[in-house]
$ cat protein_25.cif   # mmCIF, C-alpha atoms
data_structure
loop_
_atom_site.label_atom_id
_atom_site.label_comp_id
_atom_site.auth_asym_id
_atom_site.auth_seq_id
_atom_site.Cartn_x
_atom_site.Cartn_y
_atom_site.Cartn_z
CA MET A 13 -1.53 -3.47 16.65
CA SER A 14 -2.90 -6.98 17.25
CA ASP A 15 -6.34 -5.87 16.03
CA LEU A 16 -4.79 -4.45 12.89
CA MET A 17 -2.92 -7.68 12.23
CA SER A 18 -6.14 -9.67 12.62
CA TYR A 19 -8.00 -7.33 10.29
CA LEU A 20 -5.34 -7.73 7.60
CA PHE A 21 -6.04 -11.45 7.65
CA GLU A 22 -9.81 -11.19 8.17
CA THR A 23 -10.34 -8.87 5.19
CA ASN A 24 -7.91 -10.76 2.95
CA ALA A 25 -5.75 -7.65 2.75
CA ILE A 26 -2.90 -10.15 3.12
CA ARG A 27 -3.50 -13.51 1.46
CA PHE A 28 -1.13 -16.45 1.58
CA CYS A 29 -1.01 -18.97 -1.23
CA GLU A 30 -1.99 -22.59 -0.82
CA GLU A 31 0.87 -25.01 -0.46
CA ASN A 32 2.87 -25.24 -3.73
CA LYS A 33 0.49 -22.79 -5.47
CA PRO A 34 2.19 -19.37 -5.48
CA PHE A 35 0.35 -16.34 -6.81
CA TRP A 36 1.09 -14.82 -10.19
CA TYR A 37 2.05 -11.14 -10.00
CA THR A 38 1.46 -8.59 -12.77
CA SER A 39 5.22 -8.46 -13.40
CA GLY A 40 5.22 -12.10 -14.53
CA LYS A 41 6.94 -13.22 -11.35
CA ILE A 42 5.42 -15.43 -8.66
CA GLY A 43 5.27 -15.28 -4.90
CA PRO A 44 3.64 -16.84 -1.83
CA TYR A 45 1.55 -13.87 -0.69
CA PHE A 46 -0.59 -11.10 -2.12
CA ILE A 47 -1.35 -7.76 -0.50
CA ASN A 48 -4.37 -5.51 -1.02
CA THR A 49 -3.96 -3.16 1.93
CA HIS A 50 -6.98 -1.08 0.94
CA PHE A 51 -9.24 -4.03 1.85
CA VAL A 52 -8.96 -2.89 5.49
CA TYR A 53 -11.37 -0.16 4.40
CA GLY A 54 -13.75 -2.76 5.80
CA ASN A 55 -13.94 -5.51 3.21
CA GLU A 56 -13.06 -6.23 -0.41
CA LYS A 57 -16.44 -5.15 -1.78
CA ASP A 58 -16.43 -1.72 -0.11
CA ALA A 59 -12.80 -1.15 -1.05
CA THR A 60 -13.43 -2.05 -4.69
CA GLN A 61 -16.45 0.24 -4.82
CA LEU A 62 -14.47 3.18 -3.42
CA LEU A 63 -11.67 2.59 -5.92
CA SER A 64 -14.20 2.63 -8.77
CA PHE A 65 -15.75 5.80 -7.36
CA ILE A 66 -12.32 7.48 -7.28
CA ASP A 67 -11.80 6.52 -10.92
CA GLU A 68 -15.11 8.18 -11.80
CA CYS A 69 -14.06 11.37 -9.97
CA LEU A 70 -10.57 11.70 -11.45
CA ALA A 71 -11.74 13.91 -14.31
CA ASP A 72 -12.24 16.82 -11.89
CA LYS A 73 -9.25 17.17 -9.60
CA LEU A 74 -10.75 20.02 -7.59
CA THR A 75 -13.99 18.31 -6.62
CA LEU A 76 -12.49 14.84 -6.09
CA PRO A 77 -11.03 15.39 -2.58
CA GLU A 78 -14.35 16.46 -1.05
CA ARG A 79 -16.28 13.69 -2.79
CA VAL A 80 -13.84 11.02 -1.63
CA PHE A 81 -13.73 12.46 1.88
CA GLU A 82 -17.52 12.17 2.18
CA LYS A 83 -17.23 8.46 1.41
CA VAL A 84 -14.39 7.70 3.81
CA LEU A 85 -15.94 9.75 6.62
CA LYS A 86 -19.17 7.78 6.37
CA GLN A 87 -17.21 4.51 6.34
CA TYR A 88 -15.22 5.65 9.40
CA GLN A 89 -18.46 6.36 11.23
CA THR A 90 -20.08 3.02 10.36
CA ASN A 91 -17.35 0.39 9.88
CA GLU A 92 -15.50 -0.84 12.96
CA ILE A 93 -12.59 -2.38 11.05
CA TYR A 94 -11.83 0.79 9.10
CA LYS A 95 -12.27 3.00 12.18
CA THR A 96 -9.85 0.85 14.17
CA VAL A 97 -7.24 0.95 11.41
CA ILE A 98 -7.45 4.74 11.09
CA ASP A 99 -7.39 5.27 14.86
CA THR A 100 -4.38 2.95 15.16
CA MET A 101 -2.53 4.90 12.46
CA VAL A 102 -3.35 8.22 14.12
CA GLN A 103 -2.10 7.01 17.50
CA TYR A 104 1.06 5.59 15.93
CA ILE A 105 1.76 8.91 14.22
CA GLN A 106 1.20 10.83 17.45
CA ASP A 107 3.57 8.48 19.27
CA ASN A 108 6.36 8.90 16.72
CA ILE A 109 6.09 12.44 15.32
CA ASP A 110 5.69 15.84 16.94
CA ILE A 111 2.35 16.75 15.38
CA SER A 112 3.04 20.47 15.73
CA GLU A 113 5.86 20.09 13.18
CA ILE A 114 3.52 18.77 10.47
CA ASP A 115 2.17 21.43 8.11
CA TYR A 116 0.36 19.13 5.67
CA ILE A 117 -0.79 15.55 5.25
CA SER A 118 -0.40 14.21 1.71
CA GLY A 119 -1.72 11.18 -0.13
CA GLY A 120 -1.10 9.97 -3.66
CA GLU A 121 -3.45 8.74 -6.36
CA ARG A 122 -5.36 6.49 -5.58
CA ARG A 123 -5.20 4.05 -2.67
CA ASP A 124 -3.39 6.46 -0.36
CA TRP A 125 -6.61 8.49 -0.18
CA PHE A 126 -8.33 5.63 1.63
CA PHE A 127 -6.19 6.65 4.62
CA SER A 128 -4.69 10.12 4.16
CA ASN A 129 -8.00 12.01 3.99
CA MET A 130 -9.31 10.72 7.30
CA ILE A 131 -5.97 11.20 9.04
CA ALA A 132 -5.77 14.81 7.84
CA TYR A 133 -9.29 15.38 9.19
CA ILE A 134 -8.59 13.82 12.59
CA LEU A 135 -5.22 15.56 13.01
CA ASN A 136 -6.74 18.87 11.87
CA LYS A 137 -4.17 19.34 9.09
CA PRO A 138 -4.70 20.55 5.51
CA HIS A 139 -4.41 17.82 2.89
CA LEU A 140 -2.47 17.57 -0.36
CA SER A 141 -3.94 15.28 -3.01
CA ILE A 142 -1.09 14.29 -5.32
CA TYR A 143 -1.96 12.99 -8.78
CA LYS A 144 0.12 10.66 -10.92
CA ASP A 145 0.91 13.54 -13.31
CA LEU A 146 2.56 15.32 -10.33
CA SER A 147 -0.17 17.94 -10.05
CA VAL A 148 -1.27 18.77 -6.50
CA VAL A 149 -4.40 20.27 -4.99
CA GLU A 150 -4.75 21.57 -1.45
CA SER A 151 -7.80 21.01 0.77
CA ASP A 152 -8.56 22.29 4.24
CA CYS A 153 -8.85 19.60 6.93
CA ASN A 154 -12.63 19.42 6.47
CA PHE A 155 -12.32 19.15 2.67
CA MET A 156 -14.76 22.04 2.26
CA ILE A 157 -12.32 24.16 0.23
CA THR A 158 -9.94 22.78 -2.41
CA ASN A 159 -7.58 24.86 -4.53
CA SER A 160 -4.78 24.36 -7.01
CA ILE A 161 -1.42 25.45 -5.61
CA SER A 162 1.92 26.48 -7.08
CA SER A 163 4.02 27.05 -3.96
CA LEU A 164 4.34 25.66 -0.44
CA SER A 165 7.71 27.15 0.37
CA GLY A 166 9.32 25.56 3.41
CA LYS A 167 6.31 23.47 4.46
CA ARG A 168 6.84 20.08 6.09
CA VAL A 169 4.69 17.18 4.91
CA LEU A 170 3.68 13.78 6.29
CA HIS A 171 2.81 11.41 3.45
CA ILE A 172 0.29 8.65 4.18
CA ALA A 173 0.18 5.52 2.01
CA ASP A 174 -1.41 2.13 2.04
CA LEU A 175 1.75 0.22 1.19
CA ILE A 176 5.45 0.62 0.46
CA THR A 177 7.29 -1.95 -1.65
CA VAL A 178 10.31 -0.59 -3.53
CA ALA A 179 9.08 3.04 -3.21
CA SER A 180 8.76 3.58 -6.96
CA SER A 181 5.73 5.87 -6.54
CA TYR A 182 7.56 7.93 -3.91
CA ILE A 183 10.65 8.37 -6.08
CA ARG A 184 8.77 8.93 -9.36
CA ALA A 185 5.88 11.08 -8.16
CA TRP A 186 5.13 11.87 -4.52
CA ILE A 187 8.50 13.29 -3.45
CA PRO A 188 9.12 15.26 -6.69
CA ALA A 189 5.57 16.69 -6.67
CA VAL A 190 6.02 18.10 -3.16
CA THR A 191 9.60 19.21 -3.82
CA ASN A 192 8.42 21.10 -6.93
CA LEU A 193 6.25 23.22 -4.63
CA GLY A 194 9.20 24.15 -2.44
CA ALA A 195 8.03 21.87 0.38
CA GLN A 196 9.48 18.62 1.76
CA ILE A 197 8.08 15.22 2.64
CA CYS A 198 9.72 14.75 6.02
CA TRP A 199 7.81 11.66 7.13
CA SER A 200 6.00 8.71 5.59
CA CYS A 201 3.55 6.44 7.38
CA VAL A 202 2.15 3.33 5.70
CA VAL A 203 -0.12 0.53 6.83
CA VAL A 204 2.14 -2.20 5.42
CA ASP A 205 5.84 -2.28 4.55
CA ARG A 206 6.63 -5.20 2.27
CA MET A 207 10.28 -4.97 3.39
CA GLN A 208 11.61 -4.89 -0.15
CA GLY A 209 13.88 -1.87 0.12
CA GLY A 210 11.37 0.98 -0.05
CA LYS A 211 12.10 2.21 3.46
CA GLU A 212 15.81 2.52 2.71
CA LYS A 213 15.17 4.33 -0.57
CA ILE A 214 12.98 7.05 0.89
CA GLU A 215 15.17 7.46 3.97
CA ALA A 216 18.04 8.15 1.54
CA GLU A 217 15.84 11.02 0.31
CA GLY A 218 15.55 12.41 3.84
CA VAL A 219 12.14 10.91 4.66
CA LYS A 220 11.59 9.22 8.01
CA SER A 221 9.76 5.96 7.24
CA LEU A 222 7.12 4.57 9.60
CA SER A 223 4.96 1.46 9.12
CA LEU A 224 2.39 -0.30 11.26
CA VAL A 225 2.97 -3.80 9.88
CA GLN A 226 6.09 -5.30 8.31
CA VAL A 227 5.85 -8.34 6.06
CA ASP A 228 8.56 -10.45 7.63
CA LYS A 229 9.09 -13.68 9.54
CA ASN A 230 7.26 -12.36 12.60
CA LEU A 231 4.14 -11.83 10.48
CA PHE A 232 4.40 -15.36 9.12
CA GLU A 233 4.73 -16.79 12.62
CA ARG A 234 1.67 -14.80 13.71
CA ALA A 235 -0.30 -16.29 10.82
CA LEU A 236 0.91 -19.74 11.82
CA ASP A 237 -0.19 -19.17 15.43
CA LEU A 238 -3.65 -18.20 14.16
CA ASN A 239 -3.80 -21.40 12.04
CA ILE A 240 -4.09 -19.32 8.87
CA ILE A 241 -1.11 -21.15 7.34
CA ASN A 242 0.82 -24.35 8.02
CA GLU A 243 4.48 -25.13 8.55
CA ALA A 244 5.11 -25.89 4.86
CA GLN A 245 3.67 -22.50 3.89
CA VAL A 246 5.81 -20.78 6.53
CA SER A 247 8.90 -22.45 5.08
CA MET A 248 8.07 -21.15 1.60
CA LEU A 249 7.36 -17.67 2.96
CA ASN A 250 10.63 -17.55 4.88
CA ASP A 251 12.59 -18.69 1.83
CA PHE A 252 10.89 -16.00 -0.23
CA PHE A 253 11.63 -13.37 2.40
CA GLU A 254 15.33 -14.29 2.40
CA ASN A 255 15.68 -14.33 -1.42
CA PRO A 256 12.53 -13.84 -3.53
CA ASP A 257 14.00 -14.62 -6.95
CA GLU A 258 16.17 -17.56 -5.94
CA SER A 259 13.41 -19.20 -3.87
CA MET A 260 10.87 -18.95 -6.69
CA LYS A 261 13.41 -20.12 -9.26
CA GLN A 262 14.03 -23.19 -7.14
CA PHE A 263 10.29 -23.72 -6.76
CA LEU A 264 9.85 -23.72 -10.55
CA ILE A 265 12.72 -26.19 -10.95
CA ASN A 266 11.22 -28.50 -8.31
CA HIS A 267 7.65 -28.14 -9.64
CA PRO A 268 7.78 -27.97 -13.47
CA GLU A 269 4.09 -28.89 -13.57
CA PHE A 270 3.19 -25.51 -12.03
CA LEU A 271 4.34 -23.56 -15.07
CA GLU A 272 2.85 -26.15 -17.43
CA HIS A 273 -0.55 -25.87 -15.75
CA SER A 274 -0.36 -22.08 -15.73
CA LEU A 275 0.22 -22.00 -19.48
CA ASN A 276 -3.05 -23.87 -19.86
CA ALA A 277 -5.05 -21.87 -17.33
CA ASP A 278 -7.24 -18.76 -17.73
CA GLU A 279 -6.08 -15.93 -20.01
CA LYS A 280 -4.66 -13.69 -17.27
CA THR A 281 -2.60 -16.50 -15.75
CA ARG A 282 -1.49 -17.70 -19.18
CA LYS A 283 -0.24 -14.23 -20.14
CA ARG A 284 1.75 -13.87 -16.93
CA ALA A 285 3.29 -17.32 -17.33
CA GLN A 286 4.24 -16.50 -20.91
CA LEU A 287 5.78 -13.22 -19.74
CA LEU A 288 7.91 -15.15 -17.24
CA ILE A 289 9.17 -17.40 -20.03
CA ASP A 290 9.63 -14.72 -22.72
CA SER A 291 11.47 -12.36 -20.35
CA ASN A 292 13.45 -15.21 -18.75
CA LEU A 293 12.67 -13.64 -15.38
CA TYR A 294 14.27 -16.40 -13.33
CA GLY A 295 17.09 -17.33 -15.70
CA LEU A 296 15.60 -20.73 -16.49
CA ASN A 297 15.93 -20.68 -20.28
#
$ encode --input "protein_25.cif" --output "structure tokens"
Amino acid sequence: MSDLMSYLFETNAIRFCEENKPFWYTSGKIGPYFINTHFVYGNEKDATQLLSFIDECLADKLTLPERVFEKVLKQYQTNEIYKTVIDTMVQYIQDNIDISEIDYISGGERRDWFFSNMIAYILNKPHLSIYKDLSVVESDCNFMITNSISSLSGKRVLHIADLITVASSYIRAWIPAVTNLGAQICWSCVVVDRMQGGKEKIEAEGVKSLSLVQVDKNLFERALDLNIINEAQVSMLNDFFENPDESMKQFLINHPEFLEHSLNADEKTRKRAQLLIDSNLYGLN
């Protein structure tokens, strides 16, 4: 796991903000770290290219799984970081689940496929590609044959994902899509758990939740030990971990210049700052 932790930092899959310069999130809120788990595909460039490739393939749901698998297999064979991450996930799954009980590996559109395809191949399990519209296609473990399916009565599924936050994708799409086929997601394994309630939500749905890395105080201390962040940054991270909204509200009160500067920054930042104000996200109005 120590290699995986290092790779998350090395590839910028987890980035911590500079002191007193939290990141802007799409929601209009702010926070002291940003996570792009798919960067452990090897690096940001390769991950971005694969994501673009997936977008190009989405028009044909039956050919997409094989085309994506060819890409990830080549990366697994040539990129040490990605290979280590996949091998670590596979070992973790084998240590925590009776593999003989798993009928299918599933992954959801789009970033899950960075991980689920290779794990299905290595564990010799058929793969379910779940799309955002809740449609599902089935591939054999080698991704040579892909078919549409309408029933998987009684089958037990392990879902692989890059990240779990509040589990909105699980609740909205992945679990219902599998349930609609008469099957059940019994397990979930993710690279990173942001520790924001997702684990509890899916476990309430009967899904055992596994994660290799948890974004918590231990992670922050590890980053401090590696001199990636300083004590002031750790303090901000710990406050955010304890109470995200209250800590960022207090930050904005203590640093009014941050919001002022953001409103005069680039267009993307300006829009997010305006969203914070217009929606009164921190109750500051």
$ resolve_selection --input "protein_25.cif" --expression "the PyMOL selection byres ((chain A and resi 120-133) around 9)" --output "PyMOL selection string"
chain A and resi 49-50+53+59+62-63+66-67+77+80-81+84-85+88+97-99+101-102+116-119+134-144+152-155+171-175+181-182+185-186+202-203
$ resolve_selection --input "protein_25.cif" --expression "the PyMOL selection byres ((chain A and resi 189-198) around 10)" --output "ChimeraX atom specification"
/A:113-118,120,140,142-148,161-171,182-188,199-200,214-215,217-221
$ residues_around --input "protein_25.cif" --residues "A:Trp36" --least-positions-apart "4" --cutoff "8 Å" --atoms "all atoms listed in the file" --output "list in words"
Gly40, Lys41, Ile42, Gly43, Thr281, Arg284 and Ala285 of chain A
$ resolve_selection --input "protein_25.cif" --expression "the PyMOL selection byres ((chain A and resi 257) around 10)" --output "list of chain:residue names"
A:Lys41, A:Ile42, A:Gly43, A:Asp251, A:Phe252, A:Phe253, A:Glu254, A:Asn255, A:Pro256, A:Glu258, A:Ser259, A:Met260, A:Lys261, A:Gln262, A:Phe263, A:Leu293, A:Tyr294, A:Gly295
$ atom_distance --input "protein_25.cif" --atom1 "atom CA of A:Val149" --atom2 "atom CA of A:Glu82"
17.0 Å
$ atom_distance --input "protein_25.cif" --atom1 "atom CA of A:Met248" --atom2 "atom CA of A:Pro44"
7.1 Å
$ axis_aligned_box --input "protein_25.cif" --around "stretch 157-172 of chain A" --padding-each-side "8 Å" --output "AutoDock Vina command-line options"
--center_x -1.5 --center_y 17.9 --center_z -0.4 --size_x 37.6 --size_y 34.5 --size_z 29.4
